[in-house]
Amino acid sequence: MIKKFFNTFLFAIAFAISTGLVILVYSVMQGPPEYSLDENTVIYGQNGEVVSVERGVQNRFWVELDDISPHLIDAFISAEDAHFYDHFGFDLKRIAGAVYHNILAFDKVQGASTITQQYARNIYLTHQKSWERKIHEALIALRLEIFQDKEEILEGYLNTIYFGHGQYGVQAASRFYFDKDADELALEEAALLTAIPKGPSVYSPLISYENAINRQEWILERMNETNKISEAAMNQAKRVDLRIAVTASEQQPEVGQYFTDFAMNQAADILGIDRQKLDGKGYQVHTTLNHQAQEKLEQTVQEQMPSDSELQIGAVTIEPRTGKIVALQGGRSFDESPFNRVTQAERMTGSTFKPFLYYAALVYGFTPSTTLDSRPTTFSLENGEIYSPSNYSDTYANRPVTLAQAVAVSDNIYAIKTNQYIGPENLVQAADAFGLDAELPPVLSLALGTASVSVLEMAEAYSVLANQGWSVNPYVIEKIVDRDGNIVYQHQAETPQRRLEENHAFVLTHLLTGMFDSRMNDYMYVTGASIAQRLTHQYAGKSGTTPNDSWMIGFSPHYTTAIWTGFDDNREIERIQENRAAKEIWATYMERLHENIPLQTFQVPTGVIGLQVDPFSGKLEGPACEEKTRLTYYIKGTEPKEVCGK
């Protein structure tokens with residue numbers, strides 16, 4: 001009988017050893033467990049500040065062990081697995097104790113899961129209670145212990161715990177509950193955070209502060225029992241009255257939501273992945289956003305847009321020299337309407353299209369002194385139809401006016417006659433030179449902006465002029481870094497191409513400063529008269545209106561800003577305040593944008609000459625026009641010779 005028992009005992013030992021070896025060999029052959037966790041994608045501005053955090057289903061930031069408070073590490077080890085550094089994934093003594101107490105209570109009153117087992121459960125398994133899950137958990141825990149050191153396991157565990165309210169990992173939880181990083185937590189804060197994962201619906205301080213504090217005090221006592229803290233430190237931490245502060249990012253409206261959304265779409269295209277997948281893949285997306293510029297733009301829009309109107313806005317600012325999009329507002333409220341009116345909408349441009357016309361005119365021999373009659377005119381089109389454009393408010397000079405004056409007051413008759421002279425096909429080619437890729441109809445009315453173009457395309461076209469005729473390629477993504485720190489995309493600036501002839505581009509630029517010069521007022525006011533007195537820097541620009549659209553586009557040597565306002569349903573703009581909104585926003589915002597920038601004028605190329613000229617007659621300063629002349633630039637050899645009064 002004894003021999004039989006002894007043989008059975010040896011067989012059981014041999015079976016256990018062989019089974020253990022099989023499990024060990026199987027685990028080694030399986031290799032380290034693979035996993036992929038959602039992690040927040042963080043968007044940065046051009047100065048490295050966090051602009052936005054895009055999350056998938058979970059809010060998670062992965063941080064290294066060195067970036068976690070030692071108090072937090074000690075608290076979790078004391079509370080969850082005091083023998084973490086001594087076992088191989090399973091605490092046999094703790095398991096035996098748990099079995100004993102559960103048998104006595106005829107219920108599962110104690111658990112014995114180690115940190116390694118909890119980590120395995122967090123990332124690979126569901127939390128349902130079944131023997132199958134327990135077996136899988138044990139096997140994965142064994143593989144973790146074989147292929148990872150304790151620090152790697154602990155780091156993974158602390159980054160995957162759920163803290164309630166959609167927060168995963170100690171960094172997200174620390175920011176959510178205390179508005180600080182995980183390495184900044186004090187002892188009492190670390191103990192409170194450690195209390196939550198036991199049951200977030202029970203121990204979250206936002207749900208039951210009393211339950212959270214009771215468990216926090218228990219954890220502090222465990223830390224004292226395991227010699228992690230002194231009794232004095234424990235008592236002092238218990239006395240601290242903790243205040244829970246949901247992070248500022250959760251409380252305050254996000255800045256640059258339209259910009260962020262556009263940047264994320266661009267990043268998804270660059271990486272060739274779905275936008276929703278990008279949100280939770282832990283990328284760092286570095287953008288061109290100038291946070292101060294964006295704040296100033298949003299502040300101005302909020303102040304200047306009529307509060308009792310459904311008027312919408314599209315606004316964008318580009319740095320012409322680099323092509324960086326530094327600010328973008330695609331509507332009044334992203335939460336109410338995420339439709340981006342800068343990039344997704346195309347609207348009639350009105351008179352903002354005229355600079356393309358006048359660039360072609362300069363190339364074809366016009367000068368600022370070239371005169372054409374401004375009076376009601378009927379044009380016969382090739383198809384036999386009659387075209388009768390009109391000036392604003394049916395106001396005409398009823399005499400010849402110069403190109404300089406026609407630009408400043410936006411004379412439509414002058415524009416149509418110019419288009420007739422150079423040929424509509426050449427206007428289309430000029431628009432293409434500015435970077436407009438849209439298929440434009442070569443018709444006389446194109447001179448008045450009857451084509452529909454996006455706000456971003458118009459801003460790019462004006463930026464070419466601001467960049468002295470060199471190409472501009474607007475962009476928002478500087479670089480993208482993956483969750484492992486690898487740079488997976490780096491913006492490479494394209495070599496600029498000469499799009500416009502330098503001298504013609506400058507002459508046109510200076511003509512566009514005329515819309516802010518009251519000396520150009522005559523039969524019509526200059527189109528920038530209502531905002532000119534508030535401008536302290538040199539700007540060139542052009543406004544434009546259609547019955548349904550209002551535009552203001554202008555630039556300095558530093559920035560180009562395009563503003564469009566109108567209604568989404570394309571109904572007419574009837575109220576004066578709604579008509580003026582685009583100019584008012586542009587002027588206020590550009591002044592705020594330039595308030596700390598030294599005054600700078602447009603760079604004058606060597607191929608032009610500046611003279612004091614009467615803008616009404618186009619003649620050089622003389623006895624008859626000394627008080628009304630204006631500095632005007634001409635390509636050398638085309639300047640006027642006749643003097644006023646002779």
# chains A, B, ... in the order shown; residues from 1 in each chain; ligands from 1
$ residues_around --residues "Ala79 (chain A)" --least-positions-apart "6" --cutoff "9 Å" --atoms "only C-alpha atoms" --output "PyMOL selection string"
chain A and resi 194-195+218-220+222-223
$ residues_around --residues "Leu599 (chain A)" --least-positions-apart "2" --cutoff "9 Å" --atoms "only C-alpha atoms" --output "PDB file with C-alpha atoms, in the first residue's frame"
ATOM      1  CA  THR A 536      -0.350 101.337 -38.699  1.00  0.00           C
ATOM      2  CA  HIS A 537       1.661  99.007 -40.964  1.00  0.00           C
ATOM      3  CA  GLN A 538       2.029  98.933 -44.733  1.00  0.00           C
ATOM      4  CA  HIS A 594       1.544  92.862 -36.251  1.00  0.00           C
ATOM      5  CA  ILE A 597       6.474  93.377 -35.357  1.00  0.00           C
ATOM      6  CA  THR A 601       7.733  98.299 -46.165  1.00  0.00           C
TER       7      THR A 601
END
$ atom_distance --atom1 "CA of Val407 (chain A)" --atom2 "CA of Tyr525 (chain A)"
11.4 Å
$ residues_around --residues "Ile318 (chain A)" --least-positions-apart "2" --cutoff "12 Å" --atoms "only C-alpha atoms" --output "PDB file with N, CA, C and O atoms, in the first residue's frame"
ATOM      1  N   THR A 288       2.290  73.881 -38.130  1.00  0.00           N
ATOM      2  CA  THR A 288       2.758  75.249 -38.362  1.00  0.00           C
ATOM      3  C   THR A 288       1.951  76.272 -37.571  1.00  0.00           C
ATOM      4  O   THR A 288       2.158  77.480 -37.731  1.00  0.00           O
ATOM      5  N   LEU A 289       1.024  75.820 -36.731  1.00  0.00           N
ATOM      6  CA  LEU A 289       0.130  76.741 -36.031  1.00  0.00           C
ATOM      7  C   LEU A 289       0.898  77.704 -35.139  1.00  0.00           C
ATOM      8  O   LEU A 289       1.708  77.292 -34.318  1.00  0.00           O
ATOM      9  N   ASN A 290       0.617  78.998 -35.313  1.00  0.00           N
ATOM     10  CA  ASN A 290       1.103  80.028 -34.400  1.00  0.00           C
ATOM     11  C   ASN A 290      -0.009  80.258 -33.387  1.00  0.00           C
ATOM     12  O   ASN A 290      -1.048  80.827 -33.711  1.00  0.00           O
ATOM     13  N   ALA A 293      -1.307  83.794 -32.944  1.00  0.00           N
ATOM     14  CA  ALA A 293      -2.050  84.255 -34.122  1.00  0.00           C
ATOM     15  C   ALA A 293      -3.443  83.639 -34.148  1.00  0.00           C
ATOM     16  O   ALA A 293      -4.431  84.317 -34.448  1.00  0.00           O
ATOM     17  N   GLN A 294      -3.533  82.354 -33.835  1.00  0.00           N
ATOM     18  CA  GLN A 294      -4.830  81.678 -33.835  1.00  0.00           C
ATOM     19  C   GLN A 294      -5.759  82.265 -32.771  1.00  0.00           C
ATOM     20  O   GLN A 294      -6.945  82.494 -33.022  1.00  0.00           O
ATOM     21  N   ALA A 315     -11.440  82.078 -42.730  1.00  0.00           N
ATOM     22  CA  ALA A 315     -10.285  82.962 -42.582  1.00  0.00           C
ATOM     23  C   ALA A 315      -9.020  82.129 -42.463  1.00  0.00           C
ATOM     24  O   ALA A 315      -8.996  81.108 -41.775  1.00  0.00           O
ATOM     25  N   VAL A 316      -7.959  82.588 -43.124  1.00  0.00           N
ATOM     26  CA  VAL A 316      -6.696  81.863 -43.058  1.00  0.00           C
ATOM     27  C   VAL A 316      -5.541  82.843 -43.196  1.00  0.00           C
ATOM     28  O   VAL A 316      -5.637  83.848 -43.912  1.00  0.00           O
ATOM     29  N   PRO A 320       4.069  84.066 -46.197  1.00  0.00           N
ATOM     30  CA  PRO A 320       4.414  83.892 -47.616  1.00  0.00           C
ATOM     31  C   PRO A 320       5.811  83.335 -47.862  1.00  0.00           C
ATOM     32  O   PRO A 320       6.013  82.557 -48.795  1.00  0.00           O
ATOM     33  N   ARG A 321       6.752  83.729 -47.038  1.00  0.00           N
ATOM     34  CA  ARG A 321       8.137  83.319 -47.285  1.00  0.00           C
ATOM     35  C   ARG A 321       8.308  81.807 -47.163  1.00  0.00           C
ATOM     36  O   ARG A 321       9.104  81.198 -47.875  1.00  0.00           O
ATOM     37  N   THR A 322       7.549  81.168 -46.244  1.00  0.00           N
ATOM     38  CA  THR A 322       7.711  79.742 -45.988  1.00  0.00           C
ATOM     39  C   THR A 322       6.532  78.895 -46.443  1.00  0.00           C
ATOM     40  O   THR A 322       6.680  77.687 -46.651  1.00  0.00           O
ATOM     41  N   GLY A 323       5.362  79.504 -46.564  1.00  0.00           N
ATOM     42  CA  GLY A 323       4.155  78.745 -46.887  1.00  0.00           C
ATOM     43  C   GLY A 323       3.443  78.197 -45.665  1.00  0.00           C
ATOM     44  O   GLY A 323       2.428  77.500 -45.797  1.00  0.00           O
ATOM     45  N   LYS A 324       3.932  78.504 -44.479  1.00  0.00           N
ATOM     46  CA  LYS A 324       3.293  77.995 -43.266  1.00  0.00           C
ATOM     47  C   LYS A 324       1.908  78.608 -43.088  1.00  0.00           C
ATOM     48  O   LYS A 324       1.749  79.826 -43.163  1.00  0.00           O
ATOM     49  N   ILE A 325       0.914  77.758 -42.863  1.00  0.00           N
ATOM     50  CA  ILE A 325      -0.407  78.235 -42.464  1.00  0.00           C
ATOM     51  C   ILE A 325      -0.361  78.418 -40.954  1.00  0.00           C
ATOM     52  O   ILE A 325      -0.260  77.444 -40.208  1.00  0.00           O
ATOM     53  N   VAL A 326      -0.422  79.652 -40.496  1.00  0.00           N
ATOM     54  CA  VAL A 326      -0.210  79.927 -39.076  1.00  0.00           C
ATOM     55  C   VAL A 326      -1.509  80.071 -38.301  1.00  0.00           C
ATOM     56  O   VAL A 326      -1.528  79.990 -37.066  1.00  0.00           O
ATOM     57  N   ALA A 327      -2.620  80.294 -38.991  1.00  0.00           N
ATOM     58  CA  ALA A 327      -3.921  80.404 -38.324  1.00  0.00           C
ATOM     59  C   ALA A 327      -5.008  80.087 -39.341  1.00  0.00           C
ATOM     60  O   ALA A 327      -4.866  80.403 -40.527  1.00  0.00           O
ATOM     61  N   LEU A 328      -6.082  79.486 -38.855  1.00  0.00           N
ATOM     62  CA  LEU A 328      -7.178  79.114 -39.753  1.00  0.00           C
ATOM     63  C   LEU A 328      -8.467  79.019 -38.947  1.00  0.00           C
ATOM     64  O   LEU A 328      -8.497  78.407 -37.878  1.00  0.00           O
ATOM     65  N   VAL A 455     -11.155  79.792 -50.171  1.00  0.00           N
ATOM     66  CA  VAL A 455     -10.437  80.826 -49.421  1.00  0.00           C
ATOM     67  C   VAL A 455      -8.942  80.510 -49.373  1.00  0.00           C
ATOM     68  O   VAL A 455      -8.095  81.396 -49.522  1.00  0.00           O
ATOM     69  N   LEU A 456      -8.604  79.241 -49.172  1.00  0.00           N
ATOM     70  CA  LEU A 456      -7.194  78.861 -49.101  1.00  0.00           C
ATOM     71  C   LEU A 456      -6.487  79.108 -50.424  1.00  0.00           C
ATOM     72  O   LEU A 456      -5.345  79.588 -50.452  1.00  0.00           O
ATOM     73  N   GLU A 457      -7.148  78.815 -51.543  1.00  0.00           N
ATOM     74  CA  GLU A 457      -6.537  79.052 -52.859  1.00  0.00           C
ATOM     75  C   GLU A 457      -6.297  80.538 -53.092  1.00  0.00           C
ATOM     76  O   GLU A 457      -5.259  80.931 -53.637  1.00  0.00           O
ATOM     77  N   MET A 458      -7.245  81.374 -52.674  1.00  0.00           N
ATOM     78  CA  MET A 458      -7.066  82.816 -52.841  1.00  0.00           C
ATOM     79  C   MET A 458      -5.942  83.332 -51.958  1.00  0.00           C
ATOM     80  O   MET A 458      -5.151  84.191 -52.373  1.00  0.00           O
ATOM     81  N   ALA A 459      -5.841  82.806 -50.748  1.00  0.00           N
ATOM     82  CA  ALA A 459      -4.747  83.213 -49.858  1.00  0.00           C
ATOM     83  C   ALA A 459      -3.394  82.813 -50.438  1.00  0.00           C
ATOM     84  O   ALA A 459      -2.417  83.564 -50.368  1.00  0.00           O
ATOM     85  N   GLU A 460      -3.339  81.633 -51.038  1.00  0.00           N
ATOM     86  CA  GLU A 460      -2.101  81.188 -51.672  1.00  0.00           C
ATOM     87  C   GLU A 460      -1.725  82.097 -52.838  1.00  0.00           C
ATOM     88  O   GLU A 460      -0.563  82.486 -53.003  1.00  0.00           O
ATOM     89  N   ALA A 461      -2.713  82.468 -53.660  1.00  0.00           N
ATOM     90  CA  ALA A 461      -2.449  83.313 -54.824  1.00  0.00           C
ATOM     91  C   ALA A 461      -1.903  84.681 -54.398  1.00  0.00           C
ATOM     92  O   ALA A 461      -0.932  85.180 -54.977  1.00  0.00           O
ATOM     93  N   TYR A 462      -2.504  85.287 -53.391  1.00  0.00           N
ATOM     94  CA  TYR A 462      -2.014  86.580 -52.904  1.00  0.00           C
ATOM     95  C   TYR A 462      -0.644  86.436 -52.242  1.00  0.00           C
ATOM     96  O   TYR A 462       0.157  87.379 -52.253  1.00  0.00           O
ATOM     97  N   SER A 463      -0.382  85.271 -51.660  1.00  0.00           N
ATOM     98  CA  SER A 463       0.919  85.048 -51.029  1.00  0.00           C
ATOM     99  C   SER A 463       2.040  85.018 -52.055  1.00  0.00           C
ATOM    100  O   SER A 463       3.181  85.386 -51.753  1.00  0.00           O
ATOM    101  N   VAL A 464       1.737  84.563 -53.270  1.00  0.00           N
ATOM    102  CA  VAL A 464       2.735  84.604 -54.344  1.00  0.00           C
ATOM    103  C   VAL A 464       3.151  86.049 -54.603  1.00  0.00           C
ATOM    104  O   VAL A 464       4.336  86.358 -54.779  1.00  0.00           O
ATOM    105  N   ALA A 466       2.867  88.504 -52.388  1.00  0.00           N
ATOM    106  CA  ALA A 466       3.575  88.940 -51.184  1.00  0.00           C
ATOM    107  C   ALA A 466       4.993  88.392 -51.129  1.00  0.00           C
ATOM    108  O   ALA A 466       5.875  88.983 -50.492  1.00  0.00           O
ATOM    109  N   ASN A 467       5.225  87.256 -51.798  1.00  0.00           N
ATOM    110  CA  ASN A 467       6.549  86.629 -51.813  1.00  0.00           C
ATOM    111  C   ASN A 467       7.361  87.083 -53.016  1.00  0.00           C
ATOM    112  O   ASN A 467       8.245  86.366 -53.490  1.00  0.00           O
ATOM    113  N   VAL A 472       4.472  79.763 -53.694  1.00  0.00           N
ATOM    114  CA  VAL A 472       4.193  79.488 -52.283  1.00  0.00           C
ATOM    115  C   VAL A 472       3.377  78.204 -52.216  1.00  0.00           C
ATOM    116  O   VAL A 472       2.389  78.056 -52.927  1.00  0.00           O
ATOM    117  N   ASN A 473       3.804  77.282 -51.367  1.00  0.00           N
ATOM    118  CA  ASN A 473       3.101  76.015 -51.201  1.00  0.00           C
ATOM    119  C   ASN A 473       2.618  75.905 -49.752  1.00  0.00           C
ATOM    120  O   ASN A 473       3.368  75.477 -48.874  1.00  0.00           O
ATOM    121  N   PRO A 474       1.380  76.311 -49.488  1.00  0.00           N
ATOM    122  CA  PRO A 474       0.883  76.305 -48.106  1.00  0.00           C
ATOM    123  C   PRO A 474       0.879  74.893 -47.512  1.00  0.00           C
ATOM    124  O   PRO A 474       0.542  73.929 -48.190  1.00  0.00           O
ATOM    125  N   TYR A 475       1.254  74.796 -46.240  1.00  0.00           N
ATOM    126  CA  TYR A 475       1.253  73.496 -45.574  1.00  0.00           C
ATOM    127  C   TYR A 475       1.011  73.678 -44.085  1.00  0.00           C
ATOM    128  O   TYR A 475       1.184  74.769 -43.536  1.00  0.00           O
ATOM    129  N   VAL A 476       0.600  72.593 -43.423  1.00  0.00           N
ATOM    130  CA  VAL A 476       0.322  72.640 -41.986  1.00  0.00           C
ATOM    131  C   VAL A 476       1.131  71.628 -41.182  1.00  0.00           C
ATOM    132  O   VAL A 476       1.242  71.755 -39.972  1.00  0.00           O
ATOM    133  N   ILE A 553      -8.892  90.444 -48.716  1.00  0.00           N
ATOM    134  CA  ILE A 553      -7.611  89.725 -48.764  1.00  0.00           C
ATOM    135  C   ILE A 553      -6.498  90.759 -48.831  1.00  0.00           C
ATOM    136  O   ILE A 553      -6.559  91.691 -49.638  1.00  0.00           O
ATOM    137  N   GLY A 554      -5.517  90.603 -47.977  1.00  0.00           N
ATOM    138  CA  GLY A 554      -4.408  91.553 -47.995  1.00  0.00           C
ATOM    139  C   GLY A 554      -3.186  90.965 -47.334  1.00  0.00           C
ATOM    140  O   GLY A 554      -3.237  89.924 -46.673  1.00  0.00           O
ATOM    141  N   PHE A 555      -2.064  91.666 -47.512  1.00  0.00           N
ATOM    142  CA  PHE A 555      -0.807  91.135 -46.995  1.00  0.00           C
ATOM    143  C   PHE A 555       0.141  92.248 -46.610  1.00  0.00           C
ATOM    144  O   PHE A 555       0.035  93.396 -47.064  1.00  0.00           O
ATOM    145  N   SER A 556       1.062  91.885 -45.738  1.00  0.00           N
ATOM    146  CA  SER A 556       2.203  92.714 -45.364  1.00  0.00           C
ATOM    147  C   SER A 556       3.445  91.961 -45.814  1.00  0.00           C
ATOM    148  O   SER A 556       3.334  90.866 -46.382  1.00  0.00           O
ATOM    149  N   PRO A 557       4.642  92.482 -45.556  1.00  0.00           N
ATOM    150  CA  PRO A 557       5.828  91.672 -45.863  1.00  0.00           C
ATOM    151  C   PRO A 557       5.912  90.394 -45.032  1.00  0.00           C
ATOM    152  O   PRO A 557       6.728  89.520 -45.335  1.00  0.00           O
ATOM    153  N   HIS A 558       5.079  90.274 -43.984  1.00  0.00           N
ATOM    154  CA  HIS A 558       5.169  89.138 -43.070  1.00  0.00           C
ATOM    155  C   HIS A 558       4.056  88.108 -43.252  1.00  0.00           C
ATOM    156  O   HIS A 558       4.307  86.907 -43.190  1.00  0.00           O
ATOM    157  N   TYR A 559       2.817  88.563 -43.448  1.00  0.00           N
ATOM    158  CA  TYR A 559       1.680  87.653 -43.454  1.00  0.00           C
ATOM    159  C   TYR A 559       0.668  88.028 -44.532  1.00  0.00           C
ATOM    160  O   TYR A 559       0.468  89.203 -44.824  1.00  0.00           O
ATOM    161  N   THR A 560       0.011  86.979 -45.063  1.00  0.00           N
ATOM    162  CA  THR A 560      -1.150  87.144 -45.942  1.00  0.00           C
ATOM    163  C   THR A 560      -2.376  86.605 -45.212  1.00  0.00           C
ATOM    164  O   THR A 560      -2.328  85.502 -44.669  1.00  0.00           O
ATOM    165  N   THR A 561      -3.450  87.386 -45.210  1.00  0.00           N
ATOM    166  CA  THR A 561      -4.690  86.918 -44.590  1.00  0.00           C
ATOM    167  C   THR A 561      -5.853  87.103 -45.548  1.00  0.00           C
ATOM    168  O   THR A 561      -6.018  88.183 -46.122  1.00  0.00           O
ATOM    169  N   ALA A 562      -6.618  86.042 -45.720  1.00  0.00           N
ATOM    170  CA  ALA A 562      -7.826  86.082 -46.552  1.00  0.00           C
ATOM    171  C   ALA A 562      -9.028  85.853 -45.658  1.00  0.00           C
ATOM    172  O   ALA A 562      -9.047  84.915 -44.857  1.00  0.00           O
ATOM    173  N   ILE A 563     -10.027  86.725 -45.801  1.00  0.00           N
ATOM    174  CA  ILE A 563     -11.268  86.619 -45.038  1.00  0.00           C
ATOM    175  C   ILE A 563     -12.443  86.558 -46.014  1.00  0.00           C
ATOM    176  O   ILE A 563     -12.550  87.389 -46.915  1.00  0.00           O
ATOM    177  N   MET A 590      -5.278  91.871 -38.378  1.00  0.00           N
ATOM    178  CA  MET A 590      -3.937  92.132 -38.906  1.00  0.00           C
ATOM    179  C   MET A 590      -3.161  93.093 -38.018  1.00  0.00           C
ATOM    180  O   MET A 590      -1.945  92.945 -37.824  1.00  0.00           O
ATOM    181  N   LEU A 593      -2.073  91.076 -35.094  1.00  0.00           N
ATOM    182  CA  LEU A 593      -1.030  90.145 -35.513  1.00  0.00           C
ATOM    183  C   LEU A 593       0.319  90.840 -35.648  1.00  0.00           C
ATOM    184  O   LEU A 593       1.368  90.239 -35.407  1.00  0.00           O
TER     185      LEU A 593
END
$ select_by_dssp --residues "region 423-540 of chain A" --states "strand (DSSP E)" --output "PDB file with N, CA, C and O atoms, in the first residue's frame"
ATOM      1  N   SER A 452     -15.721  80.722 -58.936  1.00  0.00           N
ATOM      2  CA  SER A 452     -15.743  80.319 -57.531  1.00  0.00           C
ATOM      3  C   SER A 452     -14.434  79.634 -57.161  1.00  0.00           C
ATOM      4  O   SER A 452     -13.995  78.705 -57.849  1.00  0.00           O
ATOM      5  N   VAL A 453     -13.829  80.101 -56.075  1.00  0.00           N
ATOM      6  CA  VAL A 453     -12.522  79.618 -55.630  1.00  0.00           C
ATOM      7  C   VAL A 453     -12.566  79.497 -54.108  1.00  0.00           C
ATOM      8  O   VAL A 453     -13.309  80.223 -53.447  1.00  0.00           O
ATOM      9  N   ILE A 477       1.702  70.611 -41.823  1.00  0.00           N
ATOM     10  CA  ILE A 477       2.410  69.564 -41.086  1.00  0.00           C
ATOM     11  C   ILE A 477       3.921  69.748 -41.237  1.00  0.00           C
ATOM     12  O   ILE A 477       4.452  69.698 -42.346  1.00  0.00           O
ATOM     13  N   GLU A 478       4.604  69.951 -40.098  1.00  0.00           N
ATOM     14  CA  GLU A 478       6.065  70.049 -40.115  1.00  0.00           C
ATOM     15  C   GLU A 478       6.699  68.665 -40.046  1.00  0.00           C
ATOM     16  O   GLU A 478       7.580  68.337 -40.824  1.00  0.00           O
ATOM     17  N   LYS A 479       6.254  67.868 -39.075  1.00  0.00           N
ATOM     18  CA  LYS A 479       6.760  66.496 -38.975  1.00  0.00           C
ATOM     19  C   LYS A 479       5.780  65.658 -38.177  1.00  0.00           C
ATOM     20  O   LYS A 479       4.944  66.179 -37.428  1.00  0.00           O
ATOM     21  N   ILE A 480       5.891  64.341 -38.340  1.00  0.00           N
ATOM     22  CA  ILE A 480       5.074  63.390 -37.601  1.00  0.00           C
ATOM     23  C   ILE A 480       6.010  62.367 -36.958  1.00  0.00           C
ATOM     24  O   ILE A 480       6.874  61.798 -37.630  1.00  0.00           O
ATOM     25  N   VAL A 481       5.835  62.177 -35.661  1.00  0.00           N
ATOM     26  CA  VAL A 481       6.653  61.231 -34.897  1.00  0.00           C
ATOM     27  C   VAL A 481       5.746  60.123 -34.388  1.00  0.00           C
ATOM     28  O   VAL A 481       4.669  60.395 -33.845  1.00  0.00           O
ATOM     29  N   ILE A 487      10.750  59.527 -36.465  1.00  0.00           N
ATOM     30  CA  ILE A 487      10.186  60.534 -37.362  1.00  0.00           C
ATOM     31  C   ILE A 487       9.751  59.832 -38.640  1.00  0.00           C
ATOM     32  O   ILE A 487      10.570  59.345 -39.421  1.00  0.00           O
ATOM     33  N   VAL A 488       8.440  59.763 -38.842  1.00  0.00           N
ATOM     34  CA  VAL A 488       7.909  59.045 -40.002  1.00  0.00           C
ATOM     35  C   VAL A 488       7.578  59.997 -41.148  1.00  0.00           C
ATOM     36  O   VAL A 488       7.304  59.550 -42.262  1.00  0.00           O
ATOM     37  N   TYR A 489       7.587  61.297 -40.875  1.00  0.00           N
ATOM     38  CA  TYR A 489       7.385  62.284 -41.942  1.00  0.00           C
ATOM     39  C   TYR A 489       8.056  63.585 -41.528  1.00  0.00           C
ATOM     40  O   TYR A 489       7.948  64.012 -40.382  1.00  0.00           O
ATOM     41  N   GLN A 490       8.776  64.183 -42.437  1.00  0.00           N
ATOM     42  CA  GLN A 490       9.406  65.487 -42.221  1.00  0.00           C
ATOM     43  C   GLN A 490       9.139  66.350 -43.447  1.00  0.00           C
ATOM     44  O   GLN A 490       9.436  65.947 -44.575  1.00  0.00           O
ATOM     45  N   ALA A 540      -0.936  95.737 -48.495  1.00  0.00           N
ATOM     46  CA  ALA A 540      -1.518  95.759 -49.837  1.00  0.00           C
ATOM     47  C   ALA A 540      -2.707  94.805 -49.809  1.00  0.00           C
ATOM     48  O   ALA A 540      -2.660  93.772 -49.142  1.00  0.00           O
TER      49      ALA A 540
END
$ residues_around --residues "Pro424 (chain A)" --least-positions-apart "6" --cutoff "9 Å" --atoms "only C-alpha atoms" --output "compact mmCIF listing (two decimals) with C-alpha atoms, in the first residue's frame"
# COMPACT_ATOMS: atom_id res chain seq x y z
CA LEU A 357 -6.22 90.86 -64.29
CA PRO A 441 -14.03 80.35 -68.13
CA PRO A 442 -12.30 82.83 -70.50
CA VAL A 443 -15.12 85.37 -70.49
CA LEU A 444 -15.26 89.15 -69.97
CA SER A 445 -17.11 88.85 -66.64
CA LEU A 446 -14.26 86.82 -65.16
CA ALA A 447 -12.54 90.14 -64.50
$ residues_around --residues "Ile576 (chain A)" --least-positions-apart "4" --cutoff "12 Å" --atoms "only C-alpha atoms" --output "list in words"
Pro306, Ser309, Ser550, Glu572, Arg580, Ala581, Ala582, Lys583 and Glu584 of chain A
$ residues_around --residues "Tyr414 (chain A)" --least-positions-apart "5" --cutoff "10 Å" --atoms "only C-alpha atoms" --output "list in words"
Thr371, Leu372, Asp373, Ser374, Arg375, Asn391, Pro400, Val401, Thr402, Leu403, Gln405, Ala406, Val407, Asn419, Gln420 and Ala447 of chain A
$ write_last_selection --atoms "N, CA and C atoms" --output "compact mmCIF listing (two decimals), in the first residue's frame"
# COMPACT_ATOMS: atom_id res chain seq x y z
N THR A 371 -4.86 105.23 -68.81
CA THR A 371 -6.24 105.68 -68.57
C THR A 371 -7.23 104.98 -69.50
N LEU A 372 -8.43 104.75 -68.94
CA LEU A 372 -9.57 104.25 -69.70
C LEU A 372 -10.81 104.98 -69.20
N ASP A 373 -11.80 105.11 -70.07
CA ASP A 373 -13.03 105.82 -69.69
C ASP A 373 -13.83 105.03 -68.66
N SER A 374 -14.29 105.74 -67.64
CA SER A 374 -15.21 105.15 -66.66
C SER A 374 -16.58 105.78 -66.86
N ARG A 375 -17.43 105.09 -67.57
CA ARG A 375 -18.79 105.55 -67.81
C ARG A 375 -19.64 104.33 -68.17
N ASN A 391 -20.78 99.90 -62.07
CA ASN A 391 -19.97 100.17 -60.90
C ASN A 391 -20.83 100.11 -59.64
N PRO A 400 -11.83 109.74 -68.33
CA PRO A 400 -10.75 108.76 -68.21
C PRO A 400 -10.22 108.71 -66.77
N VAL A 401 -9.95 107.51 -66.29
CA VAL A 401 -9.32 107.32 -64.98
C VAL A 401 -8.07 106.46 -65.16
N THR A 402 -7.14 106.62 -64.25
CA THR A 402 -5.89 105.86 -64.34
C THR A 402 -6.05 104.47 -63.73
N LEU A 403 -5.14 103.59 -64.08
CA LEU A 403 -5.12 102.26 -63.49
C LEU A 403 -4.97 102.36 -61.98
N GLN A 405 -5.97 104.65 -59.93
CA GLN A 405 -7.22 105.03 -59.30
C GLN A 405 -8.26 103.92 -59.44
N ALA A 406 -8.30 103.27 -60.58
CA ALA A 406 -9.27 102.20 -60.82
C ALA A 406 -9.08 101.05 -59.83
N VAL A 407 -7.81 100.74 -59.50
CA VAL A 407 -7.53 99.69 -58.51
C VAL A 407 -8.02 100.12 -57.13
N ASN A 419 -9.89 93.68 -69.48
CA ASN A 419 -9.99 92.27 -69.87
C ASN A 419 -10.26 92.14 -71.36
N GLN A 420 -11.05 93.05 -71.89
CA GLN A 420 -11.33 93.04 -73.32
C GLN A 420 -10.05 93.33 -74.11
N ALA A 447 -13.28 89.03 -65.10
CA ALA A 447 -12.54 90.14 -64.50
C ALA A 447 -13.19 90.63 -63.21
